[in-house]
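Single-structure report; data block below.
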2 protein chains.
Amino acid sequence: MSVTAPEGFRAAGVAAGLKSTGAPDVALVVNDGPSSSAAAVFTSNRCKANPVLWSEQAIRTGSARAIVLNSGGANCYTGPEGFATTHRTAETAAELLGVAPIDVQVASTGLIGLLNDRDALLAGVRSAVAVLDTDGGPDAAAAIMTTDTRPKQAVHEGAGYTIGGMAKGAGMLAPSLATMLVVLTTDAVLTPEQCDQVLRHATARSFDRLDSDGCQSTNDTVLLMASGASGTEPCVDELAEQLAGLCRDLALQLLSDAEGADHDIAIDVVNAATEADALEVGRAVSRSALFKTAIFGRDANWGRILASVGTTAAAFDPADLDVAINGVWVCRNSGPGESRDLVDLEPRAVTVTIDLKAGPEKATIWTNDLTQAYVHENSAYSS
Amino acid sequence: MSVTAPEGFRAAGVAAGLKSTGAPDVALVVNDGPSSSAAAVFTSNRCKANPVLWSEQAIRTGSARAIVLNSGGANCYTGPEGFATTHRTAETAAELLGVAPIDVQVASTGLIGLLNDRDALLAGVRSAVAVLDTDGGPDAAAAIMTTDTRPKQAVHEGAGYTIGGMAKGAGMLAPSLATMLVVLTTDAVLTPEQCDQVLRHATARSFDRLDSDGCQSTNDTVLLMASGASGTEPCVDELAEQLAGLCRDLALQLLSDAEGADHDIAIDVVNAATEADALEVGRAVSRSALFKTAIFGRDANWGRILASVGTTAAAFDPADLDVAINGVWVCRNSGPGESRDLVDLEPRAVTVTIDLKAGPEKATIWTNDLTQAYVHENSAYSS
């Protein structure tokens with residue numbers, strides 16, 4: 001049920017012909033209220049797609065009644081014509097739904113640098129409105145897929161309220177989000193300020209800690225809409241934790257479906273002086289092409305991990321680092337520890353533990369290995 | 001002739017059995033003076049190999065009479081035993097050459113986390129001393145190769161003096177140097193301070209602008225030794241430019257031999273507000289796995305270039321960037337320009353030009369594409 005699990009939401013997913021395959025490519029999620037509180041976070045890339053340029057202005061009202069999402073074209077680097085397409089999309093949905101255009105968010109994903117077929121997209125919006133349904137979540141989740149092999153959905157139950165979410169994204173997963181479109185819904189009663197607070201708490205602890213290939217998208221959007229339909233005024237801290245948990249669920253679904261990946265890698269950095277140090281170290285390791293190719297090769301090459309740790313400014317003694325791979329402490333005191341032959345790297349899940357011995361803090365970054373399939377998929381993607 | 005082209009230098013390269021293949025693996029370069037002025041730059045990685053820990057202290061004297069280099073083992077993350085091996089290497093060479101151990105630099109390359117065979121290495125040093133020759137440069141250049149497919153050497157003639165150089169490195173080429181060992185020699189008369197000045201000038205404009213795979217080595221060393229044997233007191237600015245040119249020669253030789261690469265890519269960032277902006281933009285693009293896989297796939301995917309530019313803090317208008325690939329302006333004003341079909345990406349050499357339209361400065365970063373062969377070579381390297 002995903003985004004339509006909470007009360008007060010309808011959704012739809014339809015095929016509008018933007019994808020040459022004829023697969024569904026236009027999704028619509030509508031908040032029927034009574035409240036329209038909303039918040040969103042967007043890519044921090046300075047070169048933003050047109051739907052991001054529109055949505056980040058529109059969300060300043062703290063209100064959203066609907067979001068239109070399309071796959072089959074990112075509408076990025078498409079100039080004023082592209083922005084006009086985004087704006088017409090919002091206007092068309094607004095007119096059909098009887099709301100203001102400013103209350104309609106727009107998100108797009110697909111190839112960049114190509115104009116979308118505006119007429120096809122607007123026809124898709126009309127079709128989607130016509131089939132809106134309180135059970136439409138799965139259809140919407142399917143319509144936002146690009147190279148995803150499966151839809152990503154999650155539902156968490158809070159104390160008197162429900163949170164739902166859907167996500168897409170299978171490449172370009174990076175800190176500060178990814179080409180990753182995420183819609184989160186709840187029927188809890190929240191103000192716009194509370195929406196913003198819990199959304200930033202949740203994304204900082206989930207999507208922001210996912211770094212699949214170090215590339216940062218131009219289209220990343222995570223939208224939270226609160227209908228208030230449950231009538232429950234929640235404990236905001238508890239809802240924030242619930243939402244963070246749901247976002248981690250979705251983030252790990254994205255990770256496990258990343259383009260060409262053979263392993264899902266959790267980099268646990270422990271005993272750091274600060275959480276920021278732990279994050280810096282985890283991100284550095286997650287971006288090492290040599291580390292990532294080693295994991296693909298089932299090679300417990302801890303030296304490449306230390307070499308990445310050494311590029312950071314985190315507090316640690318370079319001569320006293322410990323590293324475990326899947327629980328085997330292959331590096332002790334920055335030298336050889338247990339035999340690397342003891343490490344089994346056949347399973348898809350890999351855990352790397354880096355002990356900085358510098359304090360009480362910790363953090364986890366999730367990434368994938370770097371494979372020949374990744375190279376193949378990304379070198380052939382636009383052809 | 002490379003490092004033995006300038007007067008006052010002898011060199012040797014021998015097989016000591018550190019490499020299982022029996023290929024040459026110990027090199028020695030000796031400065032017979034009359035001067036022993038020297039300077040060196042090392043990796044900025046905080047997790048440094050033992051030879052770097054030794055050499056960066058020893059070079060503080062401003063003097064070096066010799067450098068011992070070995071392939072077949074990086075002597076990195078090998079603890080106190082590894083440091084003792086480095087120190088014994090310096091002592092052994094010093095004793096045989098009749099100089100002080102502090103005047104002997106040591107550099108190592110190969111796998112990390114494994115202790116070198118100390119006896120074999122020291123026997124190699126003795127063999128190398130026995131065959132030192134004023135024509136020994138090519139032998140030394142061959143003995144420092146690891147996954148290099150060919151030795152890298154260069155000679156430049158200045159006004160009354162000569163500069164020679166050799167280099168190794170075929171992966172982990174990154175800013176702040178690479179697993180890259182470079183020995184530079186000149187018979188010009190230079191003080192230690194002048195050596196340091198010209199070396200930093202040259203490396204900042206050559207090796208520091210090479211970013212093959214974004215990984216930073218633990219063993220990078222670039223050493224300059226000046227014998228003074230020509231008797232020429234050079235114009236230091238002129239010599240600095242000559243040295244920078246020679247280092248660019250060597251850097252491009254490293255690039256063209258990078259592991260698994262299919263294309264050599266020059267990223268020219270023009271009309272930047274500052275040189276630092278141009279460098280930041282060039283480095284960001286050079287680290288985009290998506291850009292690098294696109295070039296491998298002969299895909300003039302300028303959108304991935306703009307997405308990387310957008311991750312930087314450089315001065316530019318996101319809506320007004322131009323990008324050319326091999327001279328074809330495929331992106332104008334951050335939108336589609338000439339057809340990407342006009343770009344021929346079959347040749348190995350690729351030039352990407354990014355016009356920031358923000359000022360008069362420019363810089364070039366060199367990188368490679370990301371290929372399936374790179375993944376294969378680096379996932380299988382230690383097995």
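Lettering and numbering for the structure tokens are positional, with chains as A, B, ... in the shown order, residues counted from 1 in each chain, and ligands counted from 1 in the shown order.
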Original post:
Leaving out stretch 48-51 of chain B and any residue of its chain fewer than 6 positions from it, which residues lie within 9 Å of it when counting only C-alpha atoms, given as a list in words?
Top reply: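 Here the answer would be Ala307, Gly310 and Pro318 of chain A; Ala74, Asn75, Cys76, Tyr77, Thr78, Gly79, Pro80, Gly82, Phe83, Ala84, Thr85, Thr86, His87, Gln105, Val106, Ala107, Ser108, Ile112, Ser217, Thr218, Asn219 and Asp220 of chain B.
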**OP:** Pick out the residues sitting within 8 Å of A:Arg248, and hand them over as a ChimeraX atom specification; count only C-alpha atoms, and ignore anything fewer than 5 positions along from it in its own chain.
**Re:** /A:205-207
Take the residues that were just selected and, keeping C-alpha atoms, output them as an mmCIF file, in the first residue's frame.
```
data_model
loop_
_atom_site.group_PDB
_atom_site.id
_atom_site.type_symbol
_atom_site.label_atom_id
_atom_site.label_comp_id
_atom_site.auth_asym_id
_atom_site.auth_seq_id
_atom_site.Cartn_x
_atom_site.Cartn_y
_atom_site.Cartn_z
ATOM 1 C CA ARG A 205 20.179 9.417 9.116
ATOM 2 C CA SER A 206 19.194 7.431 6.044
ATOM 3 C CA PHE A 207 19.490 8.667 2.453
#
```
Compile the contact shell of A:Gly22 as a short mmCIF file (atom, residue, chain, number, x, y, z; two decimals) with N, CA, C and O atoms, in the first residue's frame: residues with an atom at most 12 Å away, counting only C-alpha atoms, same-chain residues fewer than 6 positions apart removed.
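Final output, result.cif:
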```
data_model
loop_
_atom_site.label_atom_id
_atom_site.label_comp_id
_atom_site.auth_asym_id
_atom_site.auth_seq_id
_atom_site.Cartn_x
_atom_site.Cartn_y
_atom_site.Cartn_z
N VAL A 14 0.37 5.45 -14.26
CA VAL A 14 -0.13 5.15 -15.59
C VAL A 14 1.02 5.20 -16.61
O VAL A 14 2.09 5.73 -16.33
N ALA A 15 0.75 4.65 -17.77
CA ALA A 15 1.72 4.69 -18.87
C ALA A 15 1.32 5.81 -19.82
O ALA A 15 0.22 5.81 -20.36
N ALA A 16 2.24 6.77 -20.00
CA ALA A 16 1.94 7.93 -20.85
C ALA A 16 2.80 7.96 -22.10
O ALA A 16 2.73 8.91 -22.87
N SER A 71 8.85 9.21 -14.80
CA SER A 71 10.10 8.60 -15.25
C SER A 71 10.14 8.77 -16.77
O SER A 71 9.25 9.36 -17.35
N GLY A 72 11.26 8.33 -17.38
CA GLY A 72 11.34 8.46 -18.83
C GLY A 72 11.92 9.77 -19.30
O GLY A 72 11.97 10.04 -20.50
N ALA A 143 5.44 3.19 -11.32
CA ALA A 143 5.55 4.15 -12.42
C ALA A 143 6.78 5.04 -12.30
O ALA A 143 7.15 5.72 -13.27
#
```
**OP:** Please determine the contact residues of chain B with respect to chain A at a cut-off of 7 Å, counting only C-alpha atoms, and supply them as JSON, numbers by chain.
**Re:** {"B": [45, 46, 47, 77, 78, 79, 112, 113, 213, 215, 217, 218, 288, 289, 290, 293, 294, 296, 297, 303, 306, 307, 310, 311, 318, 334, 335, 336, 371, 372, 375, 378, 379, 380]}
**OP:** Please provide the set of residues having any atom within 12 Å of stretch 235-237 of chain A, restricted to only C-alpha atoms, with same-chain residues fewer than 2 positions apart removed, written as a ChimeraX atom specification.
**Re:** /A:158-161,188-191,193-199,201-202,232-233,239-244
Go ahead and dump the residues you just picked, N, CA, C and O atoms, as a compact mmCIF listing (two decimals), in the first residue's frame.
```txt
# COMPACT_ATOMS: atom_id res chain seq x y z
N GLY A 158 2.81 3.97 13.64
CA GLY A 158 3.14 4.68 14.87
C GLY A 158 2.00 4.56 15.87
O GLY A 158 1.07 3.77 15.68
N ALA A 159 2.07 5.33 16.94
CA ALA A 159 1.04 5.29 17.99
C ALA A 159 -0.15 6.15 17.54
O ALA A 159 -0.21 7.34 17.82
N GLY A 160 -1.07 5.50 16.81
CA GLY A 160 -2.26 6.22 16.37
C GLY A 160 -2.13 6.85 15.00
O GLY A 160 -2.99 7.62 14.58
N TYR A 161 -1.07 6.54 14.30
CA TYR A 161 -0.89 7.09 12.95
C TYR A 161 -0.07 6.09 12.14
O TYR A 161 0.50 5.14 12.66
N ALA A 188 -0.69 11.49 10.41
CA ALA A 188 -0.55 12.22 11.68
C ALA A 188 -0.85 13.70 11.47
O ALA A 188 -0.77 14.20 10.35
N VAL A 189 -1.19 14.36 12.56
CA VAL A 189 -1.42 15.81 12.50
C VAL A 189 -0.08 16.52 12.75
O VAL A 189 0.50 16.41 13.83
N LEU A 190 0.42 17.21 11.75
CA LEU A 190 1.72 17.88 11.86
C LEU A 190 1.61 19.27 11.27
O LEU A 190 0.92 19.49 10.27
N THR A 191 2.34 20.22 11.84
CA THR A 191 2.47 21.53 11.22
C THR A 191 3.54 21.44 10.13
O THR A 191 4.34 20.50 10.11
N GLU A 193 6.19 23.15 9.99
CA GLU A 193 7.49 23.20 10.68
C GLU A 193 7.85 21.83 11.23
O GLU A 193 9.01 21.42 11.19
N GLN A 194 6.87 21.12 11.77
CA GLN A 194 7.14 19.77 12.28
C GLN A 194 7.50 18.82 11.13
O GLN A 194 8.37 17.98 11.27
N CYS A 195 6.80 18.98 10.00
CA CYS A 195 7.15 18.17 8.83
C CYS A 195 8.62 18.38 8.46
O CYS A 195 9.36 17.42 8.21
N ASP A 196 9.03 19.62 8.41
CA ASP A 196 10.40 19.93 8.02
C ASP A 196 11.39 19.34 9.02
O ASP A 196 12.41 18.74 8.64
N GLN A 197 11.07 19.49 10.29
CA GLN A 197 11.96 18.99 11.35
C GLN A 197 12.14 17.47 11.27
O GLN A 197 13.26 16.96 11.28
N VAL A 198 11.04 16.74 11.18
CA VAL A 198 11.15 15.28 11.18
C VAL A 198 11.74 14.77 9.86
O VAL A 198 12.47 13.77 9.85
N LEU A 199 11.47 15.48 8.77
CA LEU A 199 12.02 15.05 7.48
C LEU A 199 13.55 15.21 7.47
O LEU A 199 14.27 14.31 7.03
N HIS A 201 15.55 15.32 10.04
CA HIS A 201 16.09 14.31 10.97
C HIS A 201 16.21 12.96 10.27
O HIS A 201 17.24 12.28 10.38
N ALA A 202 15.16 12.58 9.56
CA ALA A 202 15.12 11.24 8.97
C ALA A 202 16.08 11.11 7.79
O ALA A 202 16.79 10.12 7.67
N THR A 232 -4.56 12.11 15.01
CA THR A 232 -3.58 11.92 16.08
C THR A 232 -2.52 13.02 16.06
O THR A 232 -1.87 13.23 15.04
N GLU A 233 -2.35 13.71 17.18
CA GLU A 233 -1.22 14.62 17.30
C GLU A 233 -0.09 13.84 17.95
O GLU A 233 -0.12 13.58 19.16
N LEU A 239 7.73 10.24 16.24
CA LEU A 239 7.44 10.17 14.80
C LEU A 239 8.72 10.36 14.00
O LEU A 239 8.93 9.70 12.97
N ALA A 240 9.60 11.24 14.47
CA ALA A 240 10.86 11.47 13.77
C ALA A 240 11.67 10.18 13.70
O ALA A 240 12.24 9.84 12.66
N GLU A 241 11.69 9.41 14.79
CA GLU A 241 12.42 8.15 14.80
C GLU A 241 11.76 7.12 13.89
O GLU A 241 12.42 6.37 13.19
N GLN A 242 10.43 7.08 13.94
CA GLN A 242 9.68 6.18 13.05
C GLN A 242 10.00 6.49 11.59
O GLN A 242 10.23 5.60 10.78
N LEU A 243 9.98 7.78 11.29
CA LEU A 243 10.22 8.19 9.91
C LEU A 243 11.66 7.85 9.50
O LEU A 243 11.90 7.41 8.37
N ALA A 244 12.60 8.04 10.41
CA ALA A 244 14.01 7.70 10.12
C ALA A 244 14.13 6.20 9.84
O ALA A 244 14.85 5.79 8.93
```
**OP:** Name the residues of stretch 279-323 of chain B that fall into alpha helix (DSSP H) according to DSSP on the backbone, using the chain letters and numbers of this document, as a list of chain:residue names.
**Re:**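 Matching residues for alpha helix (DSSP H) in stretch 279-323 of chain B are B:Leu279, B:Glu280, B:Val281, B:Gly282, B:Arg283, B:Ala284, B:Val285, B:Ser286, B:Ala289, B:Leu290, B:Phe291, B:Lys292, B:Thr293, B:Ala294, B:Ile295, B:Phe296, B:Trp302, B:Gly303, B:Arg304, B:Ile305, B:Leu306, B:Ala307, B:Ser308, B:Val309.
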Original post:
Could you work out how far atom CA of B:Gly110 lies from atom CA of A:Ser286, giving the answer in Å with one decimal?
Top reply: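 So the answer is 22.8 Å.
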Original post:
Of the residues A:Thr92, A:Thr186, A:Ser55, A:Thr179, which is the one nearest to A:Ser2, using only C-alpha atoms?
Top reply: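 So, comparing all the options, the nearest one is A:Thr186.
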**OP:** DSSP on the backbone, then: every residue of stretch 50-112 of chain A marked strand (DSSP E or B), written as a ChimeraX atom specification.
**Re:** /A:63,66-70,73,104-109
Output the selection as a compact mmCIF listing (two decimals), in the first residue's frame - N, CA and C atoms for each residue.
```
# COMPACT_ATOMS: atom_id res chain seq x y z
N SER A 63 3.06 23.76 2.24
CA SER A 63 1.83 23.05 1.89
C SER A 63 2.01 22.33 0.56
N ALA A 66 -0.46 17.66 -3.73
CA ALA A 66 -0.19 16.55 -4.65
C ALA A 66 1.23 16.63 -5.16
N ILE A 67 1.70 15.49 -5.65
CA ILE A 67 2.96 15.47 -6.38
C ILE A 67 2.78 14.63 -7.63
N VAL A 68 3.24 15.19 -8.75
CA VAL A 68 3.29 14.45 -10.03
C VAL A 68 4.74 14.04 -10.23
N LEU A 69 4.95 12.74 -10.48
CA LEU A 69 6.30 12.26 -10.76
C LEU A 69 6.29 11.57 -12.12
N ASN A 70 7.34 11.81 -12.90
CA ASN A 70 7.45 11.04 -14.14
C ASN A 70 8.82 10.40 -14.26
N GLY A 73 12.38 10.61 -18.39
CA GLY A 73 12.99 11.89 -18.77
C GLY A 73 13.14 12.78 -17.56
N VAL A 104 1.16 21.96 -5.95
CA VAL A 104 1.53 20.74 -6.66
C VAL A 104 3.05 20.67 -6.84
N GLN A 105 3.66 19.65 -6.25
CA GLN A 105 5.08 19.38 -6.44
C GLN A 105 5.26 18.56 -7.72
N VAL A 106 6.42 18.71 -8.35
CA VAL A 106 6.72 17.95 -9.56
C VAL A 106 8.11 17.34 -9.41
N ALA A 107 8.25 16.09 -9.83
CA ALA A 107 9.56 15.43 -9.79
C ALA A 107 9.71 14.60 -11.06
N SER A 108 10.93 14.55 -11.59
CA SER A 108 11.18 13.81 -12.83
C SER A 108 12.47 13.01 -12.70
N THR A 109 12.55 11.93 -13.47
CA THR A 109 13.77 11.13 -13.47
C THR A 109 13.91 10.44 -14.82
```
Subject >> Between atom CA of A:Ala315 and atom CA of A:Ile365, distance in Å (one decimal) >> reply: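 Taking atom CA of A:Ala315 as the start and atom CA of A:Ile365 as the end point, the length is 17.9 Å.
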Distance query stretch 278-282 of chain A at most 6 Å, only C-alpha atoms, self and fewer than 4 positions along chain excluded, as a short mmCIF file (atom, residue, chain, number, x, y, z; two decimals) with C-alpha atoms, in the first residue's frame:
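What landed in result-v3.cif:
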```cif
data_model
loop_
_atom_site.label_atom_id
_atom_site.label_comp_id
_atom_site.auth_asym_id
_atom_site.auth_seq_id
_atom_site.Cartn_x
_atom_site.Cartn_y
_atom_site.Cartn_z
CA ILE A 267 30.87 0.61 6.67
CA VAL A 269 33.02 3.43 11.86
CA ALA A 272 35.30 8.02 16.64
CA VAL A 309 41.02 6.40 6.10
CA LYS A 362 29.98 5.97 15.57
CA ALA A 363 28.18 6.06 12.24
CA ILE A 365 27.67 4.50 5.62
#
```
Original post:
Between atom CA of A:Asp249 and atom CA of A:Glu7, what is the spacing in Å?
Top reply: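 Distance reported for this atom pair: 21.0 Å.
Restricting the calculation to only C-alpha atoms, the smallest distance between B:Glu361 and any of B:Ala273, B:Ala120, B:Ala40, B:Ile305 is found for B:Ala273.
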